[in-house]
>>> print(open('model.cif').read())   # mmCIF, C-alpha atoms and all ligand atoms
data_upload
#
loop_
_atom_site.label_atom_id
_atom_site.label_comp_id
_atom_site.auth_asym_id
_atom_site.auth_seq_id
_atom_site.Cartn_x
_atom_site.Cartn_y
_atom_site.Cartn_z
CA MET A 30 18.21 -10.29 13.52
CA ARG A 31 16.01 -12.40 15.78
CA ILE A 32 12.35 -11.68 15.43
CA ALA A 33 9.25 -12.06 17.62
CA ILE A 34 6.19 -12.32 15.39
CA LEU A 35 2.86 -11.34 16.94
CA GLY A 36 -0.05 -13.19 15.33
CA SER A 37 -0.15 -16.52 13.53
CA GLY A 38 -2.75 -15.85 10.85
CA PHE A 39 -2.72 -15.04 7.16
CA ILE A 40 -0.13 -12.26 6.98
CA ALA A 41 2.05 -13.83 9.70
CA ARG A 42 2.41 -16.89 7.45
CA PHE A 43 3.30 -14.72 4.43
CA TYR A 44 5.94 -12.93 6.53
CA ALA A 45 7.35 -16.18 7.94
CA THR A 46 7.44 -17.82 4.52
CA THR A 47 9.36 -14.81 3.19
CA LEU A 48 11.76 -14.60 6.13
CA HIS A 49 12.55 -18.29 6.18
CA ALA A 50 12.97 -18.63 2.41
CA GLN A 51 16.05 -18.37 0.21
CA ARG A 52 18.59 -18.79 3.05
CA ARG A 53 17.85 -15.41 4.60
CA LYS A 54 19.82 -14.56 7.72
CA ASP A 55 17.08 -12.82 9.72
CA TYR A 56 14.83 -15.41 11.35
CA ILE A 57 11.79 -15.69 13.57
CA PHE A 58 12.70 -16.83 17.07
CA THR A 59 9.29 -16.80 18.71
CA VAL A 60 5.62 -16.49 17.81
CA TYR A 61 2.83 -15.06 19.96
CA SER A 62 -0.69 -16.28 19.36
CA ARG A 63 -3.58 -15.93 21.83
CA ASP A 64 -4.25 -19.63 21.19
CA LEU A 65 -1.34 -21.82 22.34
CA ASP A 66 -2.22 -24.59 19.88
CA ASN A 67 -2.02 -22.14 16.99
CA ALA A 68 1.29 -20.81 18.33
CA LYS A 69 2.66 -24.35 18.50
CA ARG A 70 1.41 -25.23 15.01
CA PHE A 71 3.03 -22.08 13.60
CA ALA A 72 6.27 -22.78 15.48
CA ASP A 73 6.30 -26.36 14.14
CA ASP A 74 5.59 -25.25 10.57
CA TYR A 75 8.44 -22.72 10.57
CA GLN A 76 10.73 -24.60 12.97
CA LEU A 77 10.83 -21.85 15.56
CA ALA A 78 12.72 -22.26 18.82
CA HIS A 79 9.97 -20.79 20.96
CA TYR A 80 6.24 -20.01 21.07
CA THR A 81 3.91 -18.40 23.59
CA ASP A 82 0.36 -17.22 24.20
CA ASP A 83 1.61 -14.18 26.13
CA MET A 84 2.44 -11.05 24.11
CA ASP A 85 4.76 -9.60 26.78
CA THR A 86 6.80 -12.79 26.95
CA ALA A 87 7.35 -12.71 23.18
CA ILE A 88 8.31 -9.02 23.06
CA ASN A 89 10.52 -9.00 26.13
CA HIS A 90 12.33 -12.25 25.44
CA PRO A 91 16.03 -11.38 25.83
CA ASP A 92 16.95 -13.03 22.52
CA ILE A 93 14.65 -10.76 20.51
CA ASP A 94 15.89 -7.79 18.44
CA VAL A 95 12.77 -6.95 16.43
CA VAL A 96 9.02 -7.22 16.98
CA LEU A 97 6.94 -7.94 13.87
CA ILE A 98 3.25 -7.05 14.27
CA ALA A 99 0.86 -9.23 12.26
CA LEU A 100 -2.26 -8.72 14.40
CA PRO A 101 -5.71 -7.30 13.56
CA ASN A 102 -5.87 -3.51 13.19
CA ASP A 103 -7.31 -2.86 16.68
CA LEU A 104 -4.25 -4.50 18.30
CA HIS A 105 -1.51 -2.56 16.49
CA GLU A 106 -1.44 0.23 19.07
CA ILE A 107 -1.07 -1.97 22.13
CA ALA A 108 1.60 -4.05 20.38
CA VAL A 109 3.53 -0.90 19.42
CA ALA A 110 3.19 0.43 22.98
CA LYS A 111 4.61 -2.79 24.44
CA SER A 112 7.47 -2.81 21.90
CA ALA A 113 8.32 0.80 22.75
CA GLN A 114 8.27 0.00 26.50
CA GLY A 115 10.53 -2.98 25.88
CA LYS A 116 12.81 -0.80 23.65
CA LYS A 117 12.57 -3.30 20.82
CA HIS A 118 12.65 -2.30 17.14
CA VAL A 119 9.21 -2.65 15.65
CA LEU A 120 7.78 -3.43 12.22
CA CYS A 121 4.02 -3.02 11.83
CA THR A 122 1.76 -4.29 9.07
CA LYS A 123 -0.69 -2.01 7.29
CA PRO A 124 -2.79 0.02 8.04
CA LEU A 125 -0.74 1.57 10.82
CA GLY A 126 -3.86 2.74 12.70
CA ARG A 127 -7.61 2.64 12.34
CA THR A 128 -7.51 6.46 12.43
CA ALA A 129 -4.87 9.17 12.12
CA ALA A 130 -5.15 9.85 15.87
CA GLU A 131 -4.26 6.23 16.62
CA ALA A 132 -1.41 6.24 14.09
CA LYS A 133 -0.06 9.51 15.54
CA ARG A 134 0.04 8.02 19.04
CA MET A 135 2.05 5.08 17.67
CA LEU A 136 4.42 7.44 15.84
CA ASP A 137 4.95 9.46 19.04
CA MET A 138 5.58 6.32 21.10
CA VAL A 139 8.36 4.99 18.86
CA GLU A 140 9.97 8.40 18.46
CA GLN A 141 9.96 9.02 22.20
CA ALA A 142 11.38 5.54 22.86
CA GLY A 143 14.08 6.12 20.20
CA ILE A 144 13.43 2.75 18.58
CA PHE A 145 13.45 1.85 14.89
CA ALA A 146 9.97 1.62 13.39
CA GLY A 147 9.08 0.40 9.91
CA TYR A 148 5.72 0.47 8.13
CA LEU A 149 5.19 -2.77 6.22
CA GLU A 150 3.64 -1.43 3.01
CA ASP A 151 4.67 -4.33 0.82
CA LEU A 152 3.17 -3.06 -2.44
CA CYS A 153 5.62 -0.15 -2.41
CA TYR A 154 8.45 -2.69 -2.59
CA THR A 155 7.65 -4.87 -5.61
CA PRO A 156 10.62 -4.81 -7.98
CA LYS A 157 8.56 -3.21 -10.76
CA PHE A 158 7.22 -0.58 -8.36
CA LEU A 159 10.72 0.32 -7.13
CA LYS A 160 11.89 0.61 -10.74
CA SER A 161 8.90 2.76 -11.68
CA VAL A 162 9.58 5.18 -8.83
CA LYS A 163 13.25 5.42 -9.89
CA ALA A 164 12.20 6.07 -13.50
CA ILE A 165 9.89 8.86 -12.32
CA GLN A 166 12.61 10.36 -10.11
CA LYS A 167 14.95 10.41 -13.14
CA GLY A 168 12.33 12.32 -15.11
CA SER A 169 11.46 9.53 -17.57
CA ILE A 170 7.76 10.42 -17.71
CA GLY A 171 7.98 14.15 -16.92
CA LYS A 172 5.81 15.65 -14.22
CA VAL A 173 3.34 13.20 -12.67
CA LEU A 174 -0.18 14.58 -13.15
CA TRP A 175 -2.48 11.69 -12.26
CA THR A 176 -1.96 8.35 -10.57
CA LYS A 177 -4.51 5.61 -10.31
CA SER A 178 -4.18 2.67 -7.95
CA ARG A 179 -6.74 -0.10 -7.72
CA GLU A 180 -7.04 -2.97 -5.26
CA ALA A 181 -10.13 -5.11 -5.62
CA HIS A 182 -11.05 -8.62 -4.48
CA PRO A 183 -14.14 -10.48 -3.21
CA GLY A 184 -13.51 -9.55 0.45
CA PRO A 185 -11.17 -10.49 3.28
CA HIS A 186 -10.65 -13.83 4.96
CA SER A 187 -11.35 -13.28 8.72
CA ASP A 188 -14.27 -12.12 10.87
CA TRP A 189 -12.55 -9.09 12.42
CA PHE A 190 -12.07 -7.32 9.02
CA TRP A 191 -15.88 -7.16 8.66
CA ASP A 192 -16.33 -5.62 12.13
CA LYS A 193 -15.93 -1.86 11.76
CA GLU A 194 -14.90 -1.39 15.40
CA LYS A 195 -12.00 -3.79 15.08
CA SER A 196 -10.90 -2.92 11.55
CA GLY A 197 -11.62 0.84 11.49
CA GLY A 198 -13.63 0.54 8.28
CA GLY A 199 -14.14 -1.53 5.17
CA ALA A 200 -12.38 -1.52 1.81
CA ILE A 201 -11.11 2.06 2.33
CA ILE A 202 -9.01 1.25 5.38
CA ASP A 203 -8.07 -2.28 4.29
CA LEU A 204 -7.16 -1.65 0.65
CA GLY A 205 -7.15 2.15 0.33
CA CYS A 206 -4.10 2.33 2.58
CA HIS A 207 -2.08 0.51 -0.12
CA CYS A 208 -3.42 2.65 -2.96
CA VAL A 209 -2.82 5.95 -1.18
CA GLU A 210 0.79 5.12 -0.33
CA ILE A 211 1.42 3.89 -3.89
CA SER A 212 0.23 7.26 -5.22
CA ARG A 213 2.29 9.20 -2.66
CA ASN A 214 5.42 7.40 -3.84
CA PHE A 215 4.66 8.21 -7.50
CA ILE A 216 3.74 11.85 -6.86
CA GLY A 217 6.54 12.45 -4.34
CA LYS A 218 6.22 11.99 -0.59
CA GLU A 219 7.46 15.52 -0.02
CA VAL A 220 4.35 16.91 -1.77
CA LYS A 221 1.56 17.74 0.65
CA PRO A 222 -1.80 15.99 0.25
CA LEU A 223 -4.38 18.77 0.56
CA GLU A 224 -7.91 17.41 0.26
CA VAL A 225 -9.96 14.35 -0.61
CA MET A 226 -13.23 13.69 -2.43
CA CYS A 227 -14.58 10.18 -1.93
CA TRP A 228 -17.62 8.11 -2.87
CA ALA A 229 -18.21 4.98 -0.79
CA ALA A 230 -21.09 2.51 -0.57
CA THR A 231 -22.09 -0.83 0.88
CA GLN A 232 -23.28 -2.53 -2.26
CA VAL A 233 -23.18 -6.27 -1.60
CA HIS A 234 -22.21 -7.45 1.87
CA PRO A 235 -24.44 -7.18 4.99
CA ILE A 236 -21.97 -4.98 6.93
CA ASP A 237 -21.83 -1.48 8.42
CA ALA A 238 -18.66 -0.54 6.58
CA GLU A 239 -18.19 0.28 2.87
CA ASP A 240 -17.42 -2.54 0.47
CA GLN A 241 -16.69 -0.27 -2.49
CA ALA A 242 -15.13 3.19 -2.82
CA ILE A 243 -13.44 5.57 -5.22
CA GLY A 244 -11.46 8.57 -4.01
CA LEU A 245 -9.48 11.48 -5.38
CA VAL A 246 -6.61 12.93 -3.34
CA LYS A 247 -5.48 16.39 -4.42
CA TYR A 248 -1.81 17.27 -3.88
CA ALA A 249 -0.15 20.67 -3.49
CA ASN A 250 1.61 20.45 -6.89
CA GLY A 251 -1.69 19.93 -8.70
CA ALA A 252 -1.35 16.14 -9.06
CA ILE A 253 -4.31 13.85 -8.37
CA GLY A 254 -4.00 10.44 -6.71
CA GLN A 255 -7.03 8.27 -7.45
CA PHE A 256 -7.83 5.17 -5.45
CA GLU A 257 -10.33 2.48 -6.36
CA VAL A 258 -11.07 -0.20 -3.77
CA SER A 259 -13.52 -3.06 -3.66
CA TRP A 260 -14.49 -6.00 -1.50
CA THR A 261 -17.09 -6.98 -4.11
CA PHE A 262 -14.88 -7.63 -7.16
CA ARG A 263 -15.29 -11.15 -8.55
CA GLY A 264 -12.46 -12.97 -10.29
CA GLY A 265 -9.44 -12.87 -7.98
CA MET A 266 -7.28 -10.04 -6.69
CA ASP A 267 -6.90 -7.10 -9.03
CA LEU A 268 -3.86 -4.96 -8.21
CA ARG A 269 -3.20 -2.34 -10.87
CA ASP A 270 -1.52 1.04 -10.96
CA GLU A 271 -1.30 3.70 -13.63
CA VAL A 272 0.78 6.84 -13.75
CA ILE A 273 0.12 9.60 -16.24
CA GLY A 274 2.98 12.07 -16.67
CA THR A 275 3.55 15.00 -19.02
CA GLU A 276 6.08 12.97 -21.00
CA GLY A 277 5.10 9.37 -20.46
CA SER A 278 2.96 6.80 -18.69
CA ILE A 279 3.43 3.70 -16.57
CA TRP A 280 1.07 0.72 -16.22
CA LEU A 281 1.61 -1.93 -13.58
CA ASN A 282 -0.32 -5.13 -13.05
CA SER A 283 0.95 -6.79 -9.89
CA PHE A 284 -1.20 -9.88 -9.56
CA LEU A 285 -3.97 -10.98 -11.88
CA ARG A 286 -1.96 -10.76 -15.12
CA THR A 287 1.74 -11.24 -14.58
CA GLY A 288 2.42 -13.12 -17.80
CA PHE A 289 1.66 -16.59 -16.37
CA GLU A 290 -1.47 -18.49 -17.41
CA ILE A 291 -2.47 -22.12 -16.86
CA PHE A 292 -5.46 -24.04 -18.17
CA SER A 293 -6.67 -26.86 -15.93
CA VAL A 294 -9.84 -28.93 -15.72
CA GLY A 295 -9.29 -28.53 -11.97
CA LYS A 296 -8.53 -30.33 -8.73
CA PRO A 297 -10.83 -29.73 -5.73
CA ASP A 298 -8.13 -28.71 -3.21
CA ALA A 299 -5.89 -26.70 -5.54
CA TYR A 300 -4.57 -23.34 -4.33
CA VAL A 301 -3.99 -20.96 -7.23
CA ALA A 302 -3.17 -17.58 -5.64
CA GLU A 303 -4.51 -15.26 -2.93
CA LYS A 304 -8.27 -14.64 -3.36
CA ALA A 305 -8.43 -16.67 -6.60
CA GLU A 306 -12.04 -17.87 -6.70
CA VAL A 307 -11.72 -20.89 -8.96
CA SER A 308 -9.17 -23.59 -9.62
CA ASN A 309 -10.29 -24.70 -13.06
CA GLY A 310 -10.44 -23.20 -16.53
CA TRP A 311 -7.91 -20.58 -17.51
CA LEU A 312 -6.08 -19.56 -14.34
CA PHE A 313 -3.81 -16.63 -13.56
CA PRO A 314 -1.39 -17.73 -10.85
CA VAL A 315 1.77 -15.84 -9.85
CA GLY A 316 5.27 -17.26 -9.77
CA ASP A 317 6.17 -16.48 -6.15
CA GLU A 318 3.39 -14.68 -4.30
CA ALA A 319 5.61 -13.19 -1.63
CA HIS A 320 7.94 -11.83 -4.27
CA GLU A 321 5.17 -10.48 -6.54
CA LEU A 322 3.75 -8.65 -3.51
CA GLY A 323 7.07 -7.08 -2.47
CA TYR A 324 7.77 -8.87 0.84
CA PRO A 325 11.44 -9.88 0.25
CA HIS A 326 12.53 -6.37 -0.83
CA MET A 327 10.50 -4.89 2.02
CA PHE A 328 12.20 -6.95 4.72
CA THR A 329 15.62 -6.42 3.14
CA ASP A 330 15.10 -2.65 3.34
CA MET A 331 13.82 -2.87 6.93
CA PHE A 332 16.70 -4.95 8.30
CA ASP A 333 19.33 -3.05 6.28
CA ALA A 334 17.90 0.19 7.63
CA ILE A 335 18.14 -1.05 11.23
CA GLU A 336 21.79 -2.02 10.72
CA GLU A 337 22.66 1.15 8.83
CA LYS A 338 20.81 3.30 11.39
CA ARG A 339 18.76 4.99 8.68
CA GLU A 340 15.07 5.31 7.95
CA PRO A 341 13.44 2.62 5.82
CA LEU A 342 11.62 3.61 2.61
CA GLU A 343 8.31 3.19 4.48
CA THR A 344 8.15 4.71 7.95
CA PHE A 345 5.58 5.07 10.71
CA TYR A 346 5.31 8.71 9.60
CA ASP A 347 4.19 7.47 6.17
CA GLY A 348 1.64 5.22 7.87
CA TYR A 349 0.35 8.24 9.79
CA VAL A 350 0.00 10.40 6.63
CA VAL A 351 -1.88 7.55 4.93
CA ASN A 352 -4.29 7.37 7.88
CA ALA A 353 -4.79 11.16 7.74
CA ILE A 354 -5.72 10.91 4.04
CA LEU A 355 -8.10 8.02 4.75
CA ASP A 356 -9.75 9.96 7.61
CA ALA A 357 -10.51 12.72 5.09
CA ALA A 358 -11.85 10.10 2.63
CA PHE A 359 -14.26 8.68 5.24
CA LEU A 360 -15.48 12.18 6.08
CA SER A 361 -15.90 13.14 2.41
CA ALA A 362 -17.93 10.00 1.72
CA LYS A 363 -20.35 11.26 4.39
CA THR A 364 -20.41 14.99 3.60
CA LYS A 365 -20.13 14.54 -0.19
CA LYS A 366 -17.64 17.45 -0.22
CA TRP A 367 -13.88 17.88 -0.65
CA GLU A 368 -12.49 17.46 2.88
CA PRO A 369 -9.08 18.74 4.01
CA VAL A 370 -6.32 16.32 5.00
CA LEU A 371 -5.40 17.19 8.58
CA ILE A 372 -1.76 16.40 9.34
CA GLU A 373 -0.57 17.65 12.73
CA ASP A 374 3.09 17.46 11.97
CA TRP A 375 3.73 17.89 8.21
CA ARG A 376 7.40 17.15 7.48
CA GLY A 377 7.47 17.62 3.69
CA GLU A 378 7.42 20.76 1.56
CA GLU A 379 5.02 23.38 2.84
CA PHE A 380 4.29 24.70 -0.64
CA THR A 381 4.97 23.11 -4.01
CA ALA A 382 4.59 25.32 -7.08
CA GLN A 383 2.23 24.16 -9.80
CA GLU A 384 4.65 24.72 -12.73
CA GLU A 385 3.13 25.48 -16.10
CA VAL A 386 3.90 22.89 -18.74
CA LEU A 387 2.99 24.89 -21.86
CA ALA A 388 5.05 24.12 -24.99
CA SER A 389 5.80 26.95 -27.42
CA PHE A 390 5.54 26.55 -31.20
CA ASP A 391 6.99 30.01 -31.97
CA ASP A 392 7.04 33.48 -30.36
CA GLU A 393 3.33 33.93 -31.07
CA HIS A 394 1.89 30.47 -30.54
CA PHE A 395 1.69 27.70 -28.02
CA LEU A 396 1.77 24.16 -29.38
CA ILE A 397 -1.35 22.28 -28.19
CA LYS A 398 -0.60 18.98 -29.95
CA GLU A 399 0.96 17.42 -33.03
CA GLU A 400 0.07 14.20 -34.81
CA VAL A 401 1.03 12.34 -37.98
CA MET A 402 -2.14 11.64 -39.96
CA PRO A 403 -2.91 8.43 -41.90
CA ASN A 404 -1.71 10.11 -45.14
CA LYS A 405 1.60 10.95 -43.34
CA ASP A 406 0.85 14.69 -43.17
CA LEU A 407 2.00 16.25 -39.89
CA LYS A 408 -0.69 18.32 -38.22
CA LYS A 409 0.16 20.87 -35.50
CA ILE A 410 -2.59 22.45 -33.43
CA LEU A 411 -1.68 25.90 -32.11
CA LYS A 412 -3.04 28.56 -29.80
CA HIS A 413 -2.22 32.25 -30.21
CA LYS A 414 -0.48 33.51 -27.09
CA ILE A 415 -2.41 36.81 -26.99
CA THR A 416 -5.75 36.27 -28.73
CA GLY A 417 -6.19 32.65 -27.59
CA LYS A 418 -7.36 31.66 -31.11
CA VAL A 419 -6.91 27.97 -31.89
CA THR A 420 -5.65 27.12 -35.39
CA GLN A 421 -3.87 24.25 -37.14
CA LYS A 422 -0.96 24.00 -39.57
CA ILE A 423 -0.54 21.04 -41.88
CA PHE A 424 2.94 20.01 -43.03
CA LYS A 425 2.38 17.89 -46.11
CA ALA A 426 4.23 14.56 -46.35
N1 LIG A 501 -0.56 -6.96 2.19
C1 LIG A 501 -0.46 -6.84 3.48
O1 LIG A 501 0.43 -6.21 3.95
C2 LIG A 501 -1.47 -7.48 4.38
C3 LIG A 501 -2.28 -8.52 3.92
C4 LIG A 501 -3.19 -9.09 4.81
C5 LIG A 501 -3.33 -8.59 6.09
N2 LIG A 501 -2.55 -7.54 6.50
C6 LIG A 501 -2.70 -6.97 7.82
O2 LIG A 501 -2.23 -7.92 8.79
C7 LIG A 501 -2.98 -7.82 9.99
C8 LIG A 501 -3.53 -9.20 10.32
O3 LIG A 501 -4.34 -9.63 9.24
P1 LIG A 501 -4.43 -11.18 8.81
O4 LIG A 501 -4.88 -11.16 7.40
O5 LIG A 501 -3.21 -11.89 9.17
O6 LIG A 501 -5.62 -11.63 9.74
P2 LIG A 501 -5.90 -13.11 10.30
O7 LIG A 501 -7.26 -13.06 10.86
O8 LIG A 501 -5.58 -14.12 9.27
O9 LIG A 501 -4.83 -13.26 11.46
C9 LIG A 501 -4.88 -12.46 12.62
C10 LIG A 501 -4.12 -13.10 13.76
O10 LIG A 501 -4.39 -12.36 14.95
C11 LIG A 501 -4.99 -13.23 15.93
N3 LIG A 501 -5.97 -12.51 16.73
C12 LIG A 501 -7.21 -12.13 16.33
N4 LIG A 501 -7.83 -11.49 17.35
C13 LIG A 501 -6.98 -11.46 18.38
C14 LIG A 501 -7.04 -10.96 19.70
N5 LIG A 501 -8.13 -10.31 20.13
N6 LIG A 501 -5.97 -11.10 20.50
C15 LIG A 501 -4.86 -11.69 20.04
N7 LIG A 501 -4.74 -12.22 18.79
C16 LIG A 501 -5.79 -12.10 17.99
C17 LIG A 501 -5.59 -14.37 15.12
O11 LIG A 501 -5.75 -15.51 15.89
C18 LIG A 501 -4.53 -14.54 14.03
O12 LIG A 501 -3.40 -15.22 14.51
C19 LIG A 501 -4.03 -6.74 9.74
O13 LIG A 501 -3.61 -5.52 10.25
C20 LIG A 501 -4.13 -6.68 8.22
O14 LIG A 501 -4.55 -5.43 7.73
C21 LIG A 501 -1.61 -7.01 5.68
#
>>> encode(input="model.cif", output="structure tokens")
Amino acid sequence: MRIAILGSGFIARFYATTLHAQRRKDYIFTVYSRDLDNAKRFADDYQLAHYTDDMDTAINHPDIDVVLIALPNDLHEIAVAKSAQGKKHVLCTKPLGRTAAEAKRMLDMVEQAGIFAGYLEDLCYTPKFLKSVKAIQKGSIGKVLWTKSREAHPGPHSDWFWDKEKSGGGAIIDLGCHCVEISRNFIGKEVKPLEVMCWAATQVHPIDAEDQAIGLVKYANGAIGQFEVSWTFRGGMDLRDEVIGTEGSIWLNSFLRTGFEIFSVGKPDAYVAEKAEVSNGWLFPVGDEAHELGYPHMFTDMFDAIEEKREPLETFYDGYVVNAILDAAFLSAKTKKWEPVLIEDWRGEEFTAQEEVLASFDDEHFLIKEEVMPNKDLKKILKHKITGKVTQKIFKA
């Protein structure tokens, strides 16, 4: 596939590095940047055939199959609208919109135009994430009860992120979108998100938006998806997920501790990894940043899906649901109450039963818990099914 990339900044370079690595067959044909010098520099760096400072020229170039949007959040909608008018397949970076209303308009545009649309949520494509979701789907950890997803770093790298009008918010919109979609994948995308409770504050930076937040998203099957986001965290980029199931748990660390540590007295211009704050002492780099963050698997799924005429794992609809959850989070942070998630067009299960997961010990008792004690005795804690009395039985070693 021949790609027009819109934007020549941070994420555009990650995408281009991924797409032009490892002898991949899909390649960027043209780049749009509002600054022609930046477009040329990008085109030179990635050996592109074409560059332009006109968005329409890039999208409507006859050699282009796919438009790849790597622009600030306030420009996603116009770029999607132009792609839909030009009937070009479109891939959009996260967050899809600044609000659910904006995301819904983008979803409607691509569906009405009948074009392929993929939501570039890279963290749902890391190899360990994909394997975790498969393990959950096979029942390896039982029913998922609680997921926790954390993205924290010292703050983003360009002016527009810090301007609430352009970005749509602070750490919640920028990082919460990843965490919410991670939890949806673990809990099951068919399960309806019902309501959100969120605390948010501006603790460090002189901005209007929040630089720190914690939220709880309640799902129809009783599961809770917790997100923790920060633009104030010092010490690099912390990307961690936890899943707590009835029969097992999963812990993922995607960036700061991947089993690779270097000690160096330091070099002034050394690059260690995204958002790493120092380049001396004990350092925690990653082997291949694009790979650790999921980009190669993400683009493989997107381009395969276009060819196979199927939906990708991450769709514009997913992007819209994420925005709807984040809208509720912003509202809850203001009202200090649980706020409902308002989804105009829910396509999953309308109702998901909250199954009971009570284990029986015998006809009369539930089993609360069992544990082998230090002296090897086995202790079982029981609850009477009628009286509710809690007792314990000890099975001597
Ligand atoms: N993990 C991820 O998926 C990930 C990571 C970082 C950023 N992003 C997303 O990528 C998008 C871009 O972020 P970035 O980090 O590349 O930002 P950036 O500031 O590094 O790059 C933005 C690009 O857009 C251009 N631009 C800015 N204002 C413009 C305007 N008014 N008109 C035309 N072009 C303009 C800039 O010149 C630059 O080329 C955002 O939506 C962001 O949320 C995604």
>>> atom_distance(input="model.cif", atom1="atom N7 of ligand LIG 501 (chain A)", atom2="CA of Ala146 in chain A")
20.9 Å
>>> residues_around(input="model.cif", residues="Thr47 in chain A", least_positions_apart="2", cutoff="9 Å", atoms="only C-alpha atoms", output="list of chain:residue names")
A:Arg42, A:Phe43, A:Tyr44, A:Ala45, A:His49, A:Ala50, A:Gln51, A:Arg53, A:Ala319, A:His320, A:Tyr324, A:Pro325, A:Phe328
>>> closest_residue(input="model.cif", among="A:Gln241, A:Thr46, A:Ser112, A:Ser37", to="ligand LIG 501 (chain A)", atoms="all atoms listed in the file")
A:Ser37
>>> residues_near_ligand(input="model.cif", ligand="ligand LIG 501 (chain A)", cutoff="6 Å", atoms="all atoms listed in the file", output="JSON, numbers by chain")
{"A": [36, 37, 38, 39, 40, 41, 62, 63, 99, 100, 101, 102, 122, 123, 124, 150, 151, 187, 203]}
>>> closest_residue(input="model.cif", among="A:Tyr300, A:Trp228, A:Tyr75, A:Tyr248", to="Phe215 in chain A", atoms="all atoms listed in the file")
A:Tyr248
>>> closest_residue(input="model.cif", among="A:Thr261, A:Gln255, A:Gln166, A:Ser161", to="Asp240 in chain A", atoms="all atoms listed in the file")
A:Thr261
>>> axis_aligned_box(input="model.cif", around="range 144-155 of chain A", padding_each_side="3 Å", output="AutoDock Vina command-line options")
--center_x 8.3 --center_y -1.1 --center_z 6.5 --size_x 16.3 --size_y 13.6 --size_z 30.2
